[in-house]
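Undergrad: run_21.pdb is reproduced in full below (PDB, C-alpha atoms).
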```pdb
ATOM      1  CA  MET Q 657       0.000   0.000   0.000
ATOM      2  CA  ASN Q 658       1.454   3.347  -0.944
ATOM      3  CA  THR Q 659       1.834   6.289   1.437
ATOM      4  CA  THR Q 660      -1.124   8.259   0.024
ATOM      5  CA  LYS Q 661      -3.540   5.356   0.513
ATOM      6  CA  LYS Q 662      -2.252   4.805   4.062
ATOM      7  CA  ARG Q 663      -2.776   8.480   4.900
ATOM      8  CA  ARG Q 664      -6.276   8.435   3.398
ATOM      9  CA  LYS Q 665      -7.159   5.319   5.418
ATOM     10  CA  VAL Q 666      -5.784   6.865   8.633
ATOM     11  CA  PHE Q 667      -7.700  10.083   7.900
ATOM     12  CA  GLN Q 668     -10.953   8.145   7.335
ATOM     13  CA  ARG Q 669     -10.477   6.191  10.557
ATOM     14  CA  SER Q 670      -9.719   9.429  12.394
ATOM     15  CA  ARG Q 671     -12.926  10.987  11.075
ATOM     16  CA  TRP Q 672     -14.959   7.975  12.168
ATOM     17  CA  PHE Q 673     -13.262   8.011  15.555
ATOM     18  CA  ALA Q 674     -13.946  11.754  15.955
ATOM     19  CA  LEU Q 675     -17.569  11.261  14.902
ATOM     20  CA  SER Q 676     -17.925   8.379  17.355
ATOM     21  CA  LEU Q 677     -16.517  10.517  20.159
ATOM     22  CA  LEU Q 678     -18.861  13.347  19.241
ATOM     23  CA  ILE Q 679     -21.852  11.002  19.391
ATOM     24  CA  VAL Q 680     -20.741   9.496  22.704
ATOM     25  CA  PHE Q 681     -20.114  12.868  24.322
ATOM     26  CA  THR Q 682     -23.268  14.553  23.053
ATOM     27  CA  THR Q 683     -25.579  11.648  23.884
ATOM     28  CA  GLY Q 684     -23.681  11.030  27.112
ATOM     29  CA  ARG Q 685     -24.109  14.657  28.094
ATOM     30  CA  ALA Q 686     -27.816  14.535  27.252
ATOM     31  CA  TRP Q 687     -28.156  11.306  29.239
ATOM     32  CA  ALA Q 688     -26.298  12.762  32.213
ATOM     33  CA  ALA Q 689     -28.579  15.792  32.175
ATOM     34  CA  SER Q 690     -31.751  13.719  32.279
ATOM     35  CA  PRO Q 691     -33.831  13.870  35.486
ATOM     36  CA  ILE Q 692     -32.991  10.242  36.276
ATOM     37  CA  ASP Q 693     -29.360  11.195  36.844
ATOM     38  CA  GLU Q 694     -29.783  14.503  38.596
ATOM     39  CA  ILE Q 695     -29.799  12.709  41.938
ATOM     40  CA  PRO Q 696     -26.885  10.298  42.298
ATOM     41  CA  PHE Q 697     -27.164   7.147  44.388
ATOM     42  CA  VAL Q 698     -25.334   7.729  47.659
ATOM     43  CA  PRO Q 699     -26.081   5.059  50.269
ATOM     44  CA  THR Q 700     -27.167   6.147  53.737
ATOM     45  CA  PRO Q 701     -24.915   4.605  56.432
ATOM     46  CA  ILE Q 702     -26.791   1.885  58.336
ATOM     47  CA  GLU Q 703     -26.480   3.706  61.683
ATOM     48  CA  VAL Q 704     -28.182   6.722  60.084
ATOM     49  CA  VAL Q 705     -30.865   4.428  58.607
ATOM     50  CA  ASP Q 706     -31.543   3.063  62.098
ATOM     51  CA  ARG Q 707     -31.750   6.547  63.600
ATOM     52  CA  MET Q 708     -34.080   7.761  60.825
ATOM     53  CA  LEU Q 709     -36.484   4.892  61.524
ATOM     54  CA  GLU Q 710     -36.229   5.441  65.302
ATOM     55  CA  LEU Q 711     -36.884   9.162  64.910
ATOM     56  CA  ALA Q 712     -39.969   8.352  62.812
ATOM     57  CA  GLU Q 713     -41.113   6.056  65.645
ATOM     58  CA  VAL Q 714     -41.906   3.237  63.216
ATOM     59  CA  LYS Q 715     -44.343   0.763  64.733
ATOM     60  CA  LYS Q 716     -46.561  -2.164  63.727
ATOM     61  CA  GLY Q 717     -49.171  -1.047  61.233
ATOM     62  CA  ASP Q 718     -46.976   1.638  59.670
ATOM     63  CA  VAL Q 719     -46.274   1.677  55.951
ATOM     64  CA  VAL Q 720     -42.826   3.060  55.154
ATOM     65  CA  TYR Q 721     -42.082   4.593  51.741
ATOM     66  CA  ASP Q 722     -38.497   5.387  50.789
ATOM     67  CA  LEU Q 723     -38.225   7.833  47.887
ATOM     68  CA  GLY Q 724     -35.042   7.208  45.915
ATOM     69  CA  SER Q 725     -34.589   3.848  47.624
ATOM     70  CA  GLY Q 726     -31.320   2.965  45.882
ATOM     71  CA  ASP Q 727     -30.120  -0.460  47.023
ATOM     72  CA  GLY Q 728     -33.133  -0.851  49.326
ATOM     73  CA  ARG Q 729     -31.384  -0.636  52.676
ATOM     74  CA  ILE Q 730     -34.018   1.565  54.395
ATOM     75  CA  VAL Q 731     -36.927  -0.526  53.083
ATOM     76  CA  ILE Q 732     -35.259  -3.808  54.034
ATOM     77  CA  ARG Q 733     -34.256  -2.505  57.481
ATOM     78  CA  ALA Q 734     -37.805  -1.270  58.206
ATOM     79  CA  ALA Q 735     -39.292  -4.609  57.120
ATOM     80  CA  LYS Q 736     -36.767  -6.704  59.040
ATOM     81  CA  LYS Q 737     -36.441  -4.687  62.247
ATOM     82  CA  TYR Q 738     -40.055  -3.512  62.654
ATOM     83  CA  GLY Q 739     -42.003  -6.102  60.644
ATOM     84  CA  VAL Q 740     -43.790  -3.388  58.655
ATOM     85  CA  LYS Q 741     -44.704  -3.141  54.998
ATOM     86  CA  ALA Q 742     -42.135  -0.972  53.249
ATOM     87  CA  VAL Q 743     -42.080   0.331  49.683
ATOM     88  CA  GLY Q 744     -39.025   1.570  47.809
ATOM     89  CA  ILE Q 745     -39.485   4.001  44.936
ATOM     90  CA  GLU Q 746     -36.493   4.128  42.578
ATOM     91  CA  MET Q 747     -36.018   5.031  38.919
ATOM     92  CA  ASP Q 748     -32.890   2.939  38.358
ATOM     93  CA  SER Q 749     -33.958  -0.574  37.337
ATOM     94  CA  TRP Q 750     -30.531  -2.027  38.231
ATOM     95  CA  LEU Q 751     -30.807  -0.750  41.798
ATOM     96  CA  VAL Q 752     -34.370  -2.067  42.044
ATOM     97  CA  ALA Q 753     -33.206  -5.521  40.906
ATOM     98  CA  GLU Q 754     -30.396  -5.415  43.486
ATOM     99  CA  ALA Q 755     -32.832  -4.329  46.224
ATOM    100  CA  ARG Q 756     -35.304  -7.102  45.374
ATOM    101  CA  ALA Q 757     -32.510  -9.687  45.515
ATOM    102  CA  LYS Q 758     -31.339  -8.352  48.903
ATOM    103  CA  ALA Q 759     -34.894  -8.399  50.284
ATOM    104  CA  LYS Q 760     -35.233 -12.044  49.252
ATOM    105  CA  GLU Q 761     -31.820 -12.846  50.749
ATOM    106  CA  GLU Q 762     -32.909 -11.205  54.041
ATOM    107  CA  GLY Q 763     -36.235 -13.078  54.022
ATOM    108  CA  VAL Q 764     -38.431  -9.965  53.867
ATOM    109  CA  GLU Q 765     -39.604 -10.059  50.242
ATOM    110  CA  HIS Q 766     -43.199 -10.465  51.499
ATOM    111  CA  LEU Q 767     -42.922  -7.099  53.319
ATOM    112  CA  ALA Q 768     -40.520  -5.187  51.063
ATOM    113  CA  GLU Q 769     -41.762  -3.963  47.704
ATOM    114  CA  PHE Q 770     -39.703  -2.069  45.134
ATOM    115  CA  ARG Q 771     -41.185  -0.053  42.291
ATOM    116  CA  ILE Q 772     -39.527   1.547  39.291
ATOM    117  CA  GLU Q 773     -41.267   4.906  39.499
ATOM    118  CA  ASP Q 774     -40.583   8.620  39.649
ATOM    119  CA  GLY Q 775     -40.765   9.742  43.271
ATOM    120  CA  LEU Q 776     -42.209  13.077  42.181
ATOM    121  CA  LYS Q 777     -45.201  11.326  40.608
ATOM    122  CA  THR Q 778     -45.750   8.167  42.648
ATOM    123  CA  ASP Q 779     -48.820   7.803  44.859
ATOM    124  CA  ILE Q 780     -47.607   8.108  48.461
ATOM    125  CA  SER Q 781     -51.062   8.304  50.069
ATOM    126  CA  ALA Q 782     -50.712   4.832  51.675
ATOM    127  CA  ALA Q 783     -47.532   5.876  53.524
ATOM    128  CA  THR Q 784     -47.486   6.660  57.225
ATOM    129  CA  VAL Q 785     -43.711   7.205  57.140
ATOM    130  CA  VAL Q 786     -41.730   8.630  54.217
ATOM    131  CA  THR Q 787     -37.934   8.578  54.203
ATOM    132  CA  LEU Q 788     -35.686  10.271  51.703
ATOM    133  CA  TYR Q 789     -32.074  11.156  50.998
ATOM    134  CA  MET Q 790     -32.582  13.435  48.037
ATOM    135  CA  LEU Q 791     -31.348  16.838  46.931
ATOM    136  CA  PRO Q 792     -32.994  20.060  48.194
ATOM    137  CA  TRP Q 793     -34.892  20.743  44.954
ATOM    138  CA  PHE Q 794     -36.563  17.317  45.173
ATOM    139  CA  ASN Q 795     -37.484  17.731  48.840
ATOM    140  CA  GLU Q 796     -38.970  21.163  48.143
ATOM    141  CA  ALA Q 797     -40.922  19.831  45.153
ATOM    142  CA  MET Q 798     -42.370  17.091  47.375
ATOM    143  CA  ARG Q 799     -43.579  19.412  50.139
ATOM    144  CA  PRO Q 800     -47.007  20.178  48.601
ATOM    145  CA  ARG Q 801     -47.477  16.481  47.800
ATOM    146  CA  PHE Q 802     -46.600  15.509  51.377
ATOM    147  CA  GLN Q 803     -49.072  18.040  52.744
ATOM    148  CA  LYS Q 804     -51.823  17.020  50.307
ATOM    149  CA  LEU Q 805     -51.435  13.220  50.154
ATOM    150  CA  LEU Q 806     -50.254  12.139  53.607
ATOM    151  CA  LYS Q 807     -52.719  11.590  56.431
ATOM    152  CA  PRO Q 808     -52.457  13.433  59.764
ATOM    153  CA  GLY Q 809     -49.903  11.723  61.990
ATOM    154  CA  SER Q 810     -47.680  10.702  59.066
ATOM    155  CA  ARG Q 811     -43.973  11.339  59.485
ATOM    156  CA  ILE Q 812     -41.355  12.431  56.957
ATOM    157  CA  VAL Q 813     -37.676  11.853  57.685
ATOM    158  CA  ALA Q 814     -34.963  13.313  55.460
ATOM    159  CA  HIS Q 815     -31.227  12.719  55.538
ATOM    160  CA  ASP Q 816     -28.864  15.694  55.078
ATOM    161  CA  TYR Q 817     -31.254  18.046  53.253
ATOM    162  CA  GLY Q 818     -34.200  19.870  54.767
ATOM    163  CA  ILE Q 819     -37.133  21.543  53.082
ATOM    164  CA  GLU Q 820     -36.740  25.288  52.720
ATOM    165  CA  GLY Q 821     -39.570  27.231  54.311
ATOM    166  CA  TRP Q 822     -40.875  24.229  56.265
ATOM    167  CA  PRO Q 823     -39.292  24.027  59.721
ATOM    168  CA  PRO Q 824     -38.867  20.440  60.916
ATOM    169  CA  ALA Q 825     -40.394  19.240  64.174
ATOM    170  CA  ARG Q 826     -36.954  17.906  65.064
ATOM    171  CA  THR Q 827     -33.385  17.973  63.744
ATOM    172  CA  GLU Q 828     -30.529  15.703  64.822
ATOM    173  CA  ILE Q 829     -26.865  15.816  63.881
ATOM    174  CA  HIS Q 830     -24.733  12.684  63.865
ATOM    175  CA  ASP Q 831     -20.998  12.754  63.338
ATOM    176  CA  LYS Q 832     -19.653   9.581  61.771
ATOM    177  CA  VAL Q 833     -15.979   8.847  61.475
ATOM    178  CA  GLU Q 834     -15.274   7.953  57.858
ATOM    179  CA  ILE Q 835     -12.131   8.041  55.796
ATOM    180  CA  ARG Q 836     -12.865  10.661  53.161
ATOM    181  CA  PRO Q 837     -10.782  13.058  51.142
ATOM    182  CA  GLY Q 838     -10.245  16.175  53.216
ATOM    183  CA  GLY Q 839     -11.170  14.724  56.586
ATOM    184  CA  LEU Q 840     -12.325  11.890  58.761
ATOM    185  CA  VAL Q 841     -15.694  13.123  59.995
ATOM    186  CA  HIS Q 842     -18.881  13.336  57.996
ATOM    187  CA  ARG Q 843     -21.782  15.163  59.590
ATOM    188  CA  HIS Q 844     -25.173  13.588  58.949
ATOM    189  CA  THR Q 845     -28.244  15.711  59.621
ATOM    190  CA  ILE Q 846     -31.634  14.067  60.059
ATOM    191  CA  TYR Q 847     -34.848  16.089  59.754
ATOM    192  CA  LEU Q 848     -38.297  15.034  60.968
ATOM    193  CA  TRP Q 849     -41.653  16.548  59.970
ATOM    194  CA  LYS Q 850     -45.085  15.466  61.163
ATOM    195  CA  ILE Q 851     -48.279  15.959  59.197
ATOM    196  CA  GLU Q 852     -50.903  17.620  61.389
TER
END
```
Would you mind writing the file out in structure tokens?
TA:
Amino acid sequence: MNTTKKRRKVFQRSRWFALSLLIVFTTGRAWAASPIDEIPFVPTPIEVVDRMLELAEVKKGDVVYDLGSGDGRIVIRAAKKYGVKAVGIEMDSWLVAEARAKAKEEGVEHLAEFRIEDGLKTDISAATVVTLYMLPWFNEAMRPRFQKLLKPGSRIVAHDYGIEGWPPARTEIHDKVEIRPGGLVHRHTIYLWKIE
């Protein structure tokens, strides 16, 4: 093969490579900007999960909903520790599959349900306790739905982010020693609201 043909072939491959990169980056950017990915999955430490459920005073007869349930740890813990029905709402089908498998492994699949739904649109009217570890914009968007759909006596417990303009009935701060870039302590804030 002569030098001109080699250069032409390299140039054509380079164009295809550049086009492929352009497609990946533009569709990747559009995908990353979709609502499904605006809230990353960050697991709540189990000691914080326990405190959230304690603060909500979960008891027999309660129905716990976890919005953005991720790997299902809050739902599974509520079902296992308190024997209550618990429902996880999550948009990521992979996390829902993982949560369902963990619930079965823990022997609580009859109490723990996981749905692939948008937390902003799901029907939460059956909940007596709602837990969430979401970003402030989500919490604020849920406030009118909480106030409209939840029955008096229902409790809402949020991890790390409050709801602007809606003072909680109680706030607790927990320091947890963790090895993280920039320090060893992570401060977890838990907020509790009660529907009157």
Undergrad: Can you turn the PyMOL selection byres ((chain Q and resi 797-807) around 10) into a concrete residue list for this file, as a PDB file with C-alpha atoms, in the frame of the given file?
TA:
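Once everything was written out, this is part-v8.pdb:
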```pdb
ATOM      1  CA  GLY Q 775     -40.765   9.742  43.271  1.00  0.00           C
ATOM      2  CA  LEU Q 776     -42.209  13.077  42.181  1.00  0.00           C
ATOM      3  CA  LYS Q 777     -45.201  11.326  40.608  1.00  0.00           C
ATOM      4  CA  THR Q 778     -45.750   8.167  42.648  1.00  0.00           C
ATOM      5  CA  ASP Q 779     -48.820   7.803  44.859  1.00  0.00           C
ATOM      6  CA  ILE Q 780     -47.607   8.108  48.461  1.00  0.00           C
ATOM      7  CA  SER Q 781     -51.062   8.304  50.069  1.00  0.00           C
ATOM      8  CA  ALA Q 782     -50.712   4.832  51.675  1.00  0.00           C
ATOM      9  CA  ALA Q 783     -47.532   5.876  53.524  1.00  0.00           C
ATOM     10  CA  THR Q 784     -47.486   6.660  57.225  1.00  0.00           C
ATOM     11  CA  VAL Q 785     -43.711   7.205  57.140  1.00  0.00           C
ATOM     12  CA  VAL Q 786     -41.730   8.630  54.217  1.00  0.00           C
ATOM     13  CA  PRO Q 792     -32.994  20.060  48.194  1.00  0.00           C
ATOM     14  CA  TRP Q 793     -34.892  20.743  44.954  1.00  0.00           C
ATOM     15  CA  PHE Q 794     -36.563  17.317  45.173  1.00  0.00           C
ATOM     16  CA  ASN Q 795     -37.484  17.731  48.840  1.00  0.00           C
ATOM     17  CA  GLU Q 796     -38.970  21.163  48.143  1.00  0.00           C
ATOM     18  CA  PRO Q 808     -52.457  13.433  59.764  1.00  0.00           C
ATOM     19  CA  GLY Q 809     -49.903  11.723  61.990  1.00  0.00           C
ATOM     20  CA  SER Q 810     -47.680  10.702  59.066  1.00  0.00           C
ATOM     21  CA  ARG Q 811     -43.973  11.339  59.485  1.00  0.00           C
ATOM     22  CA  ILE Q 812     -41.355  12.431  56.957  1.00  0.00           C
ATOM     23  CA  ILE Q 819     -37.133  21.543  53.082  1.00  0.00           C
ATOM     24  CA  GLU Q 820     -36.740  25.288  52.720  1.00  0.00           C
ATOM     25  CA  GLY Q 821     -39.570  27.231  54.311  1.00  0.00           C
ATOM     26  CA  TRP Q 822     -40.875  24.229  56.265  1.00  0.00           C
ATOM     27  CA  TRP Q 849     -41.653  16.548  59.970  1.00  0.00           C
ATOM     28  CA  LYS Q 850     -45.085  15.466  61.163  1.00  0.00           C
ATOM     29  CA  ILE Q 851     -48.279  15.959  59.197  1.00  0.00           C
ATOM     30  CA  GLU Q 852     -50.903  17.620  61.389  1.00  0.00           C
TER      31      GLU Q 852
END
```
Undergrad: Which residue out of Q:Val764, Q:Ile772, Q:Ile732, Q:Leu709 has the minimum interatomic distance to Ser749 (chain Q) when all atoms listed in the file are used?
TA: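 Smallest distance to Ser749 (chain Q) is found for Q:Ile772.
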Undergrad: So what do you get for CA of Asp727 (chain Q) versus CA of Arg826 (chain Q), distance-wise?
TA: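 Taking CA of Asp727 (chain Q) and CA of Arg826 (chain Q), their separation equals 26.6 Å.
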Undergrad: Which one is closest to Lys736 (chain Q): Q:Ala712, Q:Leu767, Q:Val719, Q:Ala755? Count only C-alpha atoms.
TA: Q:Leu767
Undergrad: Neighbours of Arg843 (chain Q) within 9 Å (all atoms listed in the file; same-chain residues fewer than 3 positions away dropped), as JSON, numbers by chain?
TA: {"Q": [816, 829, 830, 831, 832, 833]}
Undergrad: In Å, how far is it from CA of Ala768 (chain Q) to CA of Arg733 (chain Q)?
TA: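 CA of Ala768 (chain Q) sits 9.4 Å away from CA of Arg733 (chain Q).
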Undergrad: One decimal, Å: what's the distance from CA of Val743 (chain Q) over to CA of Tyr817 (chain Q), could you say?
TA: 21.1 Å
